[in-house]
Amino acid sequence: MRARGICVIIPTYNNAGSIVDVVTRTMAQCDDVIVVCDGCTDNTVELLCGLENCPVILEHKANEGKGKALKTGFIYARRAGFSYAITLDADGQHYPEDIAVMLEANRRHPDALVIGERQGLESAERSAGSRFANAFSRFWFVLQTWHNVRDTQSGYRLYPLKRLYGLPLLTSRYEAELELPVLAAWHGVRLESVPVRVFYPSREERVSHFRPLADFMRIFVLNCVLCILALVYGLPRTILRCLFKVLRTLYVCVFYLLGMLLYVIPASLFIRISGGDTEEGRDRMHRFLNSVIKTLLRHGIPGVRYTCANPSGEDFRTPSVIICNHQSHFDLLPLLALTDRMVVLTTDWVWNNPLYGFMIRYADFLPVSSGYDTILPRLKELVARGYSIAVYPEGTRSKDCSIGRFHQGAFHIADTLGLDIIPLLLYGSGKVLPKHGRIINSWNMHLEIGGRISPEMMAEYGQSCRERSSAMRKRYIRDYSSLADRLDKEIF
């Protein structure tokens, strides 16, 4: 939780009967808990101060409403450096143990506002007014945002704090929880729902501060205002955002096609013809491709910032086997930008591509479908010329940026040729252009270059290629999780 910059905010007003249990169970899930006491007149503060593991306590002198309590908690969390805040109610309705569900959703969708969809509401003992309010709220929400969120009234949520829009204008009471996701949706924040449990005590045991007539009228007026704003602000903004995504994708496609047709292909043909079937010509092709891809990474993808970290100072002068996780069609760009002394093992459709296949073949990229034993003699020649060999151990792109099963080929090559392994860890490319995606998104791409692993060091990963591929995958899962935690926290 702390690695991702997540805290928990619990607003409370006179919940002395449940607050200790809720806070204690919450602090078992998260070390950073903020309780906002909204003008409590019972002994809530004394009970919290008496806990052995006391949370951060923020107090309002008078009761100002749940919206103001949330606002106070959000402002404190942002100033304290947190990136995300999970909110849950103090009345015991929510299970703090479901924080793990919210955390997992945050890892899958770091840019999203996550709403805990309460399970079993249909069978719970609720008043007719409560059932109507939930359906009524869902209707308005769909009308205002064009998002079908099943449980718009759930207070169990995870907010990306840097993407909380309209916070200074937030209303003071229950309706604030309706405003936040509406404003977020208008500004392009992804809305995700995950199932969470809910506990409804008997009616006589429930503590509720909801005022049916007054609060319902406030919510009705707010929804009317939001509907008007949706027409004059929300809808135009959504249309412009979608248009910009399409234009960004078209720009990249046009930039790529014109660049290929007017510059890359003619220049490559000249290098191919003038260089002939010589090592010097092939080396020149590598240098040309390296310079073109560096330019493309810097200027060819608007809205995408690319960074590279090389803590070990790797210069790629000594041949090695380079391995990298695989998320997107864009993965090849950061690899080829690293050095002009690299060949990549490719799939058949890349090797036979009618547009740029001749460049790939001339640059000595080899298809993995030929079989490692078949291409090993050629790889040995390339290594002798000073080239490293880049392999995607997963073999195929990941759909959700997770680390898939590693094949043994890369480790077989390294073992047979006696080469070091350089592990690369790529973040963000699967968000920029997901597998099967057609629209290019704005996201950061980052490449982390790991330290060399010599053949002697590889023995620590196992004796056989199978053992080494399995152990290396476990390392990638661990390291990618740590890298994603750090970068997601910085971005959001």
# chains A, B, ... in the order shown; residues from 1 in each chain; ligands from 1
>>> residues_around(residues="segment 43-49 of chain A", least_positions_apart="4", cutoff="7 Å", atoms="only C-alpha atoms", output="PDB file with N, CA, C and O atoms, in the first residue's frame")
ATOM      1  N   ASN A  14     -20.103  10.642  14.977  1.00  0.00           N
ATOM      2  CA  ASN A  14     -20.794   9.933  16.060  1.00  0.00           C
ATOM      3  C   ASN A  14     -20.994   8.441  15.752  1.00  0.00           C
ATOM      4  O   ASN A  14     -22.104   7.918  15.818  1.00  0.00           O
ATOM      5  N   ASN A  15     -19.898   7.768  15.401  1.00  0.00           N
ATOM      6  CA  ASN A  15     -19.918   6.319  15.189  1.00  0.00           C
ATOM      7  C   ASN A  15     -19.086   5.602  16.250  1.00  0.00           C
ATOM      8  O   ASN A  15     -18.331   4.676  15.960  1.00  0.00           O
ATOM      9  N   ALA A  16     -19.236   6.050  17.501  1.00  0.00           N
ATOM     10  CA  ALA A  16     -18.414   5.488  18.576  1.00  0.00           C
ATOM     11  C   ALA A  16     -18.615   3.984  18.728  1.00  0.00           C
ATOM     12  O   ALA A  16     -17.694   3.261  19.131  1.00  0.00           O
ATOM     13  N   VAL A  20     -13.912   1.933  16.458  1.00  0.00           N
ATOM     14  CA  VAL A  20     -12.703   1.234  16.896  1.00  0.00           C
ATOM     15  C   VAL A  20     -12.496  -0.043  16.089  1.00  0.00           C
ATOM     16  O   VAL A  20     -11.385  -0.336  15.625  1.00  0.00           O
ATOM     17  N   CYS A  54      -2.464   4.286  16.763  1.00  0.00           N
ATOM     18  CA  CYS A  54      -3.427   5.377  16.547  1.00  0.00           C
ATOM     19  C   CYS A  54      -3.325   5.923  15.128  1.00  0.00           C
ATOM     20  O   CYS A  54      -2.217   6.178  14.630  1.00  0.00           O
TER      21      CYS A  54
END
>>> select_by_dssp(residues="segment 227-422 of chain A", states="helix (DSSP H, G or I)", output="PyMOL selection string")
chain A and resi 227-275+279-299+329-338+348-351+357-362+368-370+372-384+409-417
>>> residues_around(residues="Glu192 of chain A", least_positions_apart="2", cutoff="8 Å", atoms="only C-alpha atoms", output="mmCIF file with all heavy atoms, in the first residue's frame")
data_model
loop_
_atom_site.group_PDB
_atom_site.id
_atom_site.type_symbol
_atom_site.label_atom_id
_atom_site.label_comp_id
_atom_site.auth_asym_id
_atom_site.auth_seq_id
_atom_site.Cartn_x
_atom_site.Cartn_y
_atom_site.Cartn_z
ATOM 1 N N ALA A 112 -7.454 4.823 -12.765
ATOM 2 C CA ALA A 112 -8.911 4.753 -12.596
ATOM 3 C C ALA A 112 -9.379 5.187 -11.214
ATOM 4 O O ALA A 112 -8.663 5.058 -10.219
ATOM 5 C CB ALA A 112 -9.397 3.327 -12.869
ATOM 6 N N LEU A 113 -10.608 5.690 -11.189
ATOM 7 C CA LEU A 113 -11.351 5.845 -9.943
ATOM 8 C C LEU A 113 -12.126 4.538 -9.754
ATOM 9 O O LEU A 113 -12.971 4.199 -10.584
ATOM 10 C CB LEU A 113 -12.300 7.047 -10.033
ATOM 11 C CG LEU A 113 -12.987 7.534 -8.755
ATOM 12 C CD1 LEU A 113 -13.547 8.945 -8.963
ATOM 13 C CD2 LEU A 113 -14.125 6.626 -8.309
ATOM 14 N N VAL A 114 -11.810 3.815 -8.703
ATOM 15 C CA VAL A 114 -12.384 2.482 -8.480
ATOM 16 C C VAL A 114 -13.542 2.592 -7.501
ATOM 17 O O VAL A 114 -13.396 3.167 -6.418
ATOM 18 C CB VAL A 114 -11.321 1.503 -7.949
ATOM 19 C CG1 VAL A 114 -11.930 0.113 -7.774
ATOM 20 C CG2 VAL A 114 -10.117 1.446 -8.881
ATOM 21 N N ILE A 115 -14.682 2.045 -7.889
ATOM 22 C CA ILE A 115 -15.884 2.069 -7.034
ATOM 23 C C ILE A 115 -16.186 0.649 -6.584
ATOM 24 O O ILE A 115 -16.281 -0.270 -7.405
ATOM 25 C CB ILE A 115 -17.086 2.658 -7.795
ATOM 26 C CG1 ILE A 115 -16.782 4.097 -8.214
ATOM 27 C CG2 ILE A 115 -18.354 2.604 -6.945
ATOM 28 C CD1 ILE A 115 -17.867 4.729 -9.076
ATOM 29 N N ARG A 190 -10.807 7.031 -16.005
ATOM 30 C CA ARG A 190 -11.474 5.740 -16.140
ATOM 31 C C ARG A 190 -12.262 5.422 -14.865
ATOM 32 O O ARG A 190 -11.783 5.675 -13.749
ATOM 33 C CB ARG A 190 -10.427 4.644 -16.375
ATOM 34 C CG ARG A 190 -11.007 3.238 -16.513
ATOM 35 C CD ARG A 190 -9.922 2.199 -16.315
ATOM 36 N NE ARG A 190 -8.903 2.259 -17.330
ATOM 37 C CZ ARG A 190 -8.885 1.497 -18.423
ATOM 38 N NH1 ARG A 190 -9.842 0.593 -18.601
ATOM 39 N NH2 ARG A 190 -7.924 1.608 -19.306
ATOM 40 N N VAL A 194 -15.505 -2.832 -8.835
ATOM 41 C CA VAL A 194 -15.065 -4.143 -8.362
ATOM 42 C C VAL A 194 -16.029 -4.607 -7.266
ATOM 43 O O VAL A 194 -16.574 -3.787 -6.520
ATOM 44 C CB VAL A 194 -13.628 -4.098 -7.806
ATOM 45 C CG1 VAL A 194 -12.631 -3.792 -8.903
ATOM 46 C CG2 VAL A 194 -13.502 -3.089 -6.675
#
>>> select_by_dssp(residues="segment 133-193 of chain A", states="strand (DSSP E or B)", output="list in words")
Arg157, Leu158, Tyr159, Pro160, Arg190, Leu191, Glu192 and Ser193 of chain A
>>> write_last_selection(atoms="N, CA and C atoms", output="compact mmCIF listing (two decimals), in the first residue's frame")
# COMPACT_ATOMS: atom_id res chain seq x y z
N ARG A 157 -14.45 3.47 -2.12
CA ARG A 157 -13.86 3.90 -3.38
C ARG A 157 -12.35 4.08 -3.25
N LEU A 158 -11.69 4.07 -4.40
CA LEU A 158 -10.27 4.43 -4.47
C LEU A 158 -10.14 5.58 -5.45
N TYR A 159 -9.62 6.71 -4.96
CA TYR A 159 -9.49 7.92 -5.77
C TYR A 159 -8.03 8.17 -6.14
N PRO A 160 -7.71 8.43 -7.41
CA PRO A 160 -6.38 8.96 -7.77
C PRO A 160 -6.34 10.44 -7.41
N ARG A 190 -10.81 7.03 -16.00
CA ARG A 190 -11.47 5.74 -16.14
C ARG A 190 -12.26 5.42 -14.87
N LEU A 191 -13.45 4.88 -15.00
CA LEU A 191 -14.27 4.44 -13.86
C LEU A 191 -14.33 2.92 -13.89
N GLU A 192 -13.90 2.29 -12.81
CA GLU A 192 -13.90 0.84 -12.71
C GLU A 192 -14.68 0.41 -11.48
N SER A 193 -15.46 -0.65 -11.61
CA SER A 193 -16.21 -1.21 -10.48
C SER A 193 -15.63 -2.58 -10.13
>>> residues_around(residues="Ser402 of chain A", least_positions_apart="6", cutoff="12 Å", atoms="only C-alpha atoms", output="list of chain:residue names")
A:Arg107, A:Arg108, A:Asn325, A:His326, A:Gln327, A:Ser328, A:Glu394, A:Thr396, A:Leu425, A:Leu426, A:Tyr427, A:Gly428, A:Gly430, A:Lys431, A:Pro434, A:Lys435, A:Arg473, A:Lys474, A:Tyr476, A:Ile477, A:Arg478, A:Asp479, A:Tyr480, A:Ser481, A:Ala484
>>> write_last_selection(atoms="N, CA, C and O atoms", output="mmCIF file, in the first residue's frame")
data_model
loop_
_atom_site.group_PDB
_atom_site.id
_atom_site.type_symbol
_atom_site.label_atom_id
_atom_site.label_comp_id
_atom_site.auth_asym_id
_atom_site.auth_seq_id
_atom_site.Cartn_x
_atom_site.Cartn_y
_atom_site.Cartn_z
ATOM 1 N N ARG A 107 -3.748 -1.754 -9.218
ATOM 2 C CA ARG A 107 -2.586 -2.233 -9.975
ATOM 3 C C ARG A 107 -2.945 -2.483 -11.436
ATOM 4 O O ARG A 107 -2.140 -2.228 -12.328
ATOM 5 N N ARG A 108 -4.147 -2.984 -11.683
ATOM 6 C CA ARG A 108 -4.570 -3.237 -13.064
ATOM 7 C C ARG A 108 -4.900 -1.938 -13.797
ATOM 8 O O ARG A 108 -4.644 -1.803 -14.979
ATOM 9 N N ASN A 325 10.425 -7.908 -21.259
ATOM 10 C CA ASN A 325 8.997 -8.246 -21.237
ATOM 11 C C ASN A 325 8.311 -7.651 -22.468
ATOM 12 O O ASN A 325 8.802 -6.695 -23.069
ATOM 13 N N HIS A 326 7.161 -8.219 -22.826
ATOM 14 C CA HIS A 326 6.525 -7.896 -24.119
ATOM 15 C C HIS A 326 5.072 -7.478 -23.891
ATOM 16 O O HIS A 326 4.267 -8.262 -23.403
ATOM 17 N N GLN A 327 4.758 -6.210 -24.254
ATOM 18 C CA GLN A 327 3.415 -5.680 -24.017
ATOM 19 C C GLN A 327 2.735 -5.156 -25.274
ATOM 20 O O GLN A 327 1.511 -5.170 -25.359
ATOM 21 N N SER A 328 3.519 -4.667 -26.242
ATOM 22 C CA SER A 328 2.915 -3.871 -27.311
ATOM 23 C C SER A 328 3.759 -3.938 -28.583
ATOM 24 O O SER A 328 4.930 -4.354 -28.566
ATOM 25 N N GLU A 394 8.661 -14.123 -23.445
ATOM 26 C CA GLU A 394 7.241 -14.465 -23.392
ATOM 27 C C GLU A 394 6.717 -14.932 -24.749
ATOM 28 O O GLU A 394 5.698 -15.621 -24.821
ATOM 29 N N THR A 396 4.888 -13.703 -26.890
ATOM 30 C CA THR A 396 3.720 -12.978 -27.361
ATOM 31 C C THR A 396 3.437 -11.813 -26.426
ATOM 32 O O THR A 396 3.856 -11.817 -25.260
ATOM 33 N N LEU A 425 13.478 -4.137 -18.451
ATOM 34 C CA LEU A 425 12.121 -4.101 -17.920
ATOM 35 C C LEU A 425 11.409 -2.892 -18.512
ATOM 36 O O LEU A 425 11.826 -1.753 -18.311
ATOM 37 N N LEU A 426 10.336 -3.158 -19.256
ATOM 38 C CA LEU A 426 9.626 -2.096 -19.967
ATOM 39 C C LEU A 426 8.278 -1.827 -19.315
ATOM 40 O O LEU A 426 7.510 -2.748 -19.043
ATOM 41 N N TYR A 427 7.997 -0.552 -19.080
ATOM 42 C CA TYR A 427 6.738 -0.119 -18.458
ATOM 43 C C TYR A 427 6.021 0.840 -19.401
ATOM 44 O O TYR A 427 6.642 1.716 -20.014
ATOM 45 N N GLY A 428 4.703 0.672 -19.509
ATOM 46 C CA GLY A 428 3.864 1.680 -20.154
ATOM 47 C C GLY A 428 3.517 1.453 -21.601
ATOM 48 O O GLY A 428 2.519 1.996 -22.081
ATOM 49 N N GLY A 430 2.295 -1.105 -23.064
ATOM 50 C CA GLY A 430 1.009 -1.785 -23.158
ATOM 51 C C GLY A 430 -0.161 -0.886 -22.838
ATOM 52 O O GLY A 430 -1.317 -1.224 -23.142
ATOM 53 N N LYS A 431 0.097 0.260 -22.203
ATOM 54 C CA LYS A 431 -0.945 1.255 -21.963
ATOM 55 C C LYS A 431 -1.056 2.214 -23.144
ATOM 56 O O LYS A 431 -2.142 2.684 -23.471
ATOM 57 N N PRO A 434 -2.364 -0.992 -26.305
ATOM 58 C CA PRO A 434 -2.606 -2.342 -25.786
ATOM 59 C C PRO A 434 -2.713 -3.367 -26.912
ATOM 60 O O PRO A 434 -2.936 -3.018 -28.076
ATOM 61 N N LYS A 435 -2.546 -4.613 -26.541
ATOM 62 C CA LYS A 435 -2.735 -5.689 -27.505
ATOM 63 C C LYS A 435 -4.162 -5.626 -28.051
ATOM 64 O O LYS A 435 -5.117 -5.485 -27.293
ATOM 65 N N ARG A 473 11.413 -15.501 -14.686
ATOM 66 C CA ARG A 473 10.052 -14.961 -14.746
ATOM 67 C C ARG A 473 9.611 -14.473 -13.369
ATOM 68 O O ARG A 473 8.994 -13.410 -13.246
ATOM 69 N N LYS A 474 9.918 -15.232 -12.328
ATOM 70 C CA LYS A 474 9.560 -14.806 -10.973
ATOM 71 C C LYS A 474 10.243 -13.496 -10.625
ATOM 72 O O LYS A 474 9.654 -12.619 -9.989
ATOM 73 N N TYR A 476 11.123 -11.189 -12.819
ATOM 74 C CA TYR A 476 10.460 -10.154 -13.607
ATOM 75 C C TYR A 476 9.131 -9.750 -12.973
ATOM 76 O O TYR A 476 8.783 -8.557 -12.949
ATOM 77 N N ILE A 477 8.372 -10.710 -12.481
ATOM 78 C CA ILE A 477 7.097 -10.396 -11.832
ATOM 79 C C ILE A 477 7.336 -9.499 -10.625
ATOM 80 O O ILE A 477 6.643 -8.492 -10.422
ATOM 81 N N ARG A 478 8.336 -9.855 -9.824
ATOM 82 C CA ARG A 478 8.646 -9.061 -8.633
ATOM 83 C C ARG A 478 9.149 -7.669 -9.010
ATOM 84 O O ARG A 478 8.678 -6.652 -8.475
ATOM 85 N N ASP A 479 10.093 -7.603 -9.950
ATOM 86 C CA ASP A 479 10.684 -6.313 -10.311
ATOM 87 C C ASP A 479 9.684 -5.416 -11.041
ATOM 88 O O ASP A 479 9.688 -4.191 -10.854
ATOM 89 N N TYR A 480 8.826 -6.023 -11.880
ATOM 90 C CA TYR A 480 7.846 -5.204 -12.598
ATOM 91 C C TYR A 480 6.819 -4.624 -11.626
ATOM 92 O O TYR A 480 6.412 -3.460 -11.762
ATOM 93 N N SER A 481 6.428 -5.419 -10.653
ATOM 94 C CA SER A 481 5.477 -4.916 -9.648
ATOM 95 C C SER A 481 6.078 -3.734 -8.900
ATOM 96 O O SER A 481 5.403 -2.716 -8.676
ATOM 97 N N ALA A 484 6.275 -0.719 -11.383
ATOM 98 C CA ALA A 484 4.948 -0.150 -11.637
ATOM 99 C C ALA A 484 4.442 0.611 -10.419
ATOM 100 O O ALA A 484 3.828 1.682 -10.557
#
>>> residues_around(residues="segment 298-308 of chain A", least_positions_apart="3", cutoff="8 Å", atoms="only C-alpha atoms", output="list of chain:residue names")
A:Arg248, A:Val252, A:Phe255, A:Tyr256, A:Lys294, A:Thr295, A:Val432, A:Asn441, A:Ser442, A:Trp443, A:Asn444, A:Met445, A:His446, A:Leu447, A:Glu448, A:Ile449
>>> residues_around(residues="Cys242 of chain A", least_positions_apart="3", cutoff="12 Å", atoms="only C-alpha atoms", output="number ranges by chain")
A: 186-188, 235-239, 245-249, 439-442
>>> residues_around(residues="His147 of chain A", least_positions_apart="3", cutoff="9 Å", atoms="only C-alpha atoms", output="JSON, numbers by chain")
{"A": [141, 142, 143, 144, 185, 191]}
>>> closest_residue(among="A:Ile271, A:Cys7, A:Val149, A:Ile228", to="Asp283 of chain A", atoms="only C-alpha atoms")
A:Ile271
>>> closest_residue(among="A:Asp348, A:His407, A:Arg452, A:Ala135", to="Asn148 of chain A", atoms="only C-alpha atoms")
A:Ala135
>>> decode(residues="segment 183-194 of chain A", atoms="all heavy atoms", output="PDB file, in the first residue's frame")
ATOM      1  N   LEU A 183     -17.473  14.434 -12.263  1.00  0.00           N
ATOM      2  CA  LEU A 183     -16.423  15.337 -12.732  1.00  0.00           C
ATOM      3  C   LEU A 183     -15.226  14.553 -13.262  1.00  0.00           C
ATOM      4  O   LEU A 183     -14.587  14.959 -14.232  1.00  0.00           O
ATOM      5  CB  LEU A 183     -15.993  16.268 -11.590  1.00  0.00           C
ATOM      6  CG  LEU A 183     -17.054  17.269 -11.121  1.00  0.00           C
ATOM      7  CD1 LEU A 183     -16.593  17.999  -9.873  1.00  0.00           C
ATOM      8  CD2 LEU A 183     -17.375  18.270 -12.219  1.00  0.00           C
ATOM      9  N   ALA A 184     -14.924  13.436 -12.608  1.00  0.00           N
ATOM     10  CA  ALA A 184     -13.813  12.603 -13.069  1.00  0.00           C
ATOM     11  C   ALA A 184     -14.085  12.061 -14.470  1.00  0.00           C
ATOM     12  O   ALA A 184     -13.210  12.088 -15.342  1.00  0.00           O
ATOM     13  CB  ALA A 184     -13.576  11.453 -12.086  1.00  0.00           C
ATOM     14  N   ALA A 185     -15.308  11.573 -14.690  1.00  0.00           N
ATOM     15  CA  ALA A 185     -15.666  11.028 -16.006  1.00  0.00           C
ATOM     16  C   ALA A 185     -15.580  12.102 -17.082  1.00  0.00           C
ATOM     17  O   ALA A 185     -15.119  11.837 -18.197  1.00  0.00           O
ATOM     18  CB  ALA A 185     -17.069  10.431 -15.962  1.00  0.00           C
ATOM     19  N   TRP A 186     -16.000  13.317 -16.772  1.00  0.00           N
ATOM     20  CA  TRP A 186     -15.919  14.404 -17.742  1.00  0.00           C
ATOM     21  C   TRP A 186     -14.481  14.717 -18.133  1.00  0.00           C
ATOM     22  O   TRP A 186     -14.214  15.189 -19.238  1.00  0.00           O
ATOM     23  CB  TRP A 186     -16.577  15.668 -17.181  1.00  0.00           C
ATOM     24  CG  TRP A 186     -18.066  15.577 -17.084  1.00  0.00           C
ATOM     25  CD1 TRP A 186     -18.880  14.614 -17.615  1.00  0.00           C
ATOM     26  CD2 TRP A 186     -18.934  16.499 -16.420  1.00  0.00           C
ATOM     27  NE1 TRP A 186     -20.192  14.873 -17.318  1.00  0.00           N
ATOM     28  CE2 TRP A 186     -20.265  16.029 -16.580  1.00  0.00           C
ATOM     29  CE3 TRP A 186     -18.738  17.659 -15.686  1.00  0.00           C
ATOM     30  CZ2 TRP A 186     -21.369  16.687 -16.050  1.00  0.00           C
ATOM     31  CZ3 TRP A 186     -19.827  18.325 -15.152  1.00  0.00           C
ATOM     32  CH2 TRP A 186     -21.136  17.846 -15.338  1.00  0.00           C
ATOM     33  N   HIS A 187     -13.545  14.465 -17.227  1.00  0.00           N
ATOM     34  CA  HIS A 187     -12.141  14.776 -17.491  1.00  0.00           C
ATOM     35  C   HIS A 187     -11.360  13.556 -17.958  1.00  0.00           C
ATOM     36  O   HIS A 187     -10.117  13.568 -17.965  1.00  0.00           O
ATOM     37  CB  HIS A 187     -11.493  15.377 -16.247  1.00  0.00           C
ATOM     38  CG  HIS A 187     -11.935  16.778 -15.950  1.00  0.00           C
ATOM     39  ND1 HIS A 187     -13.108  17.061 -15.282  1.00  0.00           N
ATOM     40  CD2 HIS A 187     -11.376  17.982 -16.260  1.00  0.00           C
ATOM     41  CE1 HIS A 187     -13.239  18.379 -15.176  1.00  0.00           C
ATOM     42  NE2 HIS A 187     -12.216  18.951 -15.764  1.00  0.00           N
ATOM     43  N   GLY A 188     -12.068  12.500 -18.327  1.00  0.00           N
ATOM     44  CA  GLY A 188     -11.406  11.355 -18.927  1.00  0.00           C
ATOM     45  C   GLY A 188     -10.844  10.338 -17.969  1.00  0.00           C
ATOM     46  O   GLY A 188     -10.075   9.460 -18.376  1.00  0.00           O
ATOM     47  N   VAL A 189     -11.198  10.413 -16.695  1.00  0.00           N
ATOM     48  CA  VAL A 189     -10.725   9.421 -15.730  1.00  0.00           C
ATOM     49  C   VAL A 189     -11.518   8.131 -15.925  1.00  0.00           C
ATOM     50  O   VAL A 189     -12.750   8.157 -15.999  1.00  0.00           O
ATOM     51  CB  VAL A 189     -10.889   9.936 -14.285  1.00  0.00           C
ATOM     52  CG1 VAL A 189     -10.413   8.889 -13.277  1.00  0.00           C
ATOM     53  CG2 VAL A 189     -10.116  11.234 -14.091  1.00  0.00           C
ATOM     54  N   ARG A 190     -10.807   7.031 -16.005  1.00  0.00           N
ATOM     55  CA  ARG A 190     -11.474   5.740 -16.140  1.00  0.00           C
ATOM     56  C   ARG A 190     -12.262   5.422 -14.865  1.00  0.00           C
ATOM     57  O   ARG A 190     -11.783   5.675 -13.749  1.00  0.00           O
ATOM     58  CB  ARG A 190     -10.427   4.644 -16.375  1.00  0.00           C
ATOM     59  CG  ARG A 190     -11.007   3.238 -16.513  1.00  0.00           C
ATOM     60  CD  ARG A 190      -9.922   2.199 -16.315  1.00  0.00           C
ATOM     61  NE  ARG A 190      -8.903   2.259 -17.330  1.00  0.00           N
ATOM     62  CZ  ARG A 190      -8.885   1.497 -18.423  1.00  0.00           C
ATOM     63  NH1 ARG A 190      -9.842   0.593 -18.601  1.00  0.00           N
ATOM     64  NH2 ARG A 190      -7.924   1.608 -19.306  1.00  0.00           N
ATOM     65  N   LEU A 191     -13.453   4.882 -14.998  1.00  0.00           N
ATOM     66  CA  LEU A 191     -14.265   4.437 -13.856  1.00  0.00           C
ATOM     67  C   LEU A 191     -14.333   2.917 -13.887  1.00  0.00           C
ATOM     68  O   LEU A 191     -14.760   2.328 -14.882  1.00  0.00           O
ATOM     69  CB  LEU A 191     -15.670   5.032 -13.919  1.00  0.00           C
ATOM     70  CG  LEU A 191     -15.775   6.564 -13.928  1.00  0.00           C
ATOM     71  CD1 LEU A 191     -17.239   6.988 -13.999  1.00  0.00           C
ATOM     72  CD2 LEU A 191     -15.116   7.175 -12.698  1.00  0.00           C
ATOM     73  N   GLU A 192     -13.896   2.294 -12.807  1.00  0.00           N
ATOM     74  CA  GLU A 192     -13.896   0.842 -12.711  1.00  0.00           C
ATOM     75  C   GLU A 192     -14.679   0.414 -11.476  1.00  0.00           C
ATOM     76  O   GLU A 192     -14.571   1.035 -10.418  1.00  0.00           O
ATOM     77  CB  GLU A 192     -12.467   0.294 -12.630  1.00  0.00           C
ATOM     78  CG  GLU A 192     -11.656   0.441 -13.899  1.00  0.00           C
ATOM     79  CD  GLU A 192     -12.132  -0.483 -15.005  1.00  0.00           C
ATOM     80  OE1 GLU A 192     -12.728  -1.536 -14.680  1.00  0.00           O
ATOM     81  OE2 GLU A 192     -11.889  -0.171 -16.182  1.00  0.00           O
ATOM     82  N   SER A 193     -15.463  -0.649 -11.610  1.00  0.00           N
ATOM     83  CA  SER A 193     -16.205  -1.211 -10.477  1.00  0.00           C
ATOM     84  C   SER A 193     -15.630  -2.575 -10.128  1.00  0.00           C
ATOM     85  O   SER A 193     -15.299  -3.362 -11.013  1.00  0.00           O
ATOM     86  CB  SER A 193     -17.689  -1.350 -10.818  1.00  0.00           C
ATOM     87  OG  SER A 193     -18.291  -0.084 -11.006  1.00  0.00           O
ATOM     88  N   VAL A 194     -15.505  -2.832  -8.835  1.00  0.00           N
ATOM     89  CA  VAL A 194     -15.065  -4.143  -8.362  1.00  0.00           C
ATOM     90  C   VAL A 194     -16.029  -4.607  -7.266  1.00  0.00           C
ATOM     91  O   VAL A 194     -16.574  -3.787  -6.520  1.00  0.00           O
ATOM     92  CB  VAL A 194     -13.628  -4.098  -7.806  1.00  0.00           C
ATOM     93  CG1 VAL A 194     -12.631  -3.792  -8.903  1.00  0.00           C
ATOM     94  CG2 VAL A 194     -13.502  -3.089  -6.675  1.00  0.00           C
TER      95      VAL A 194
END
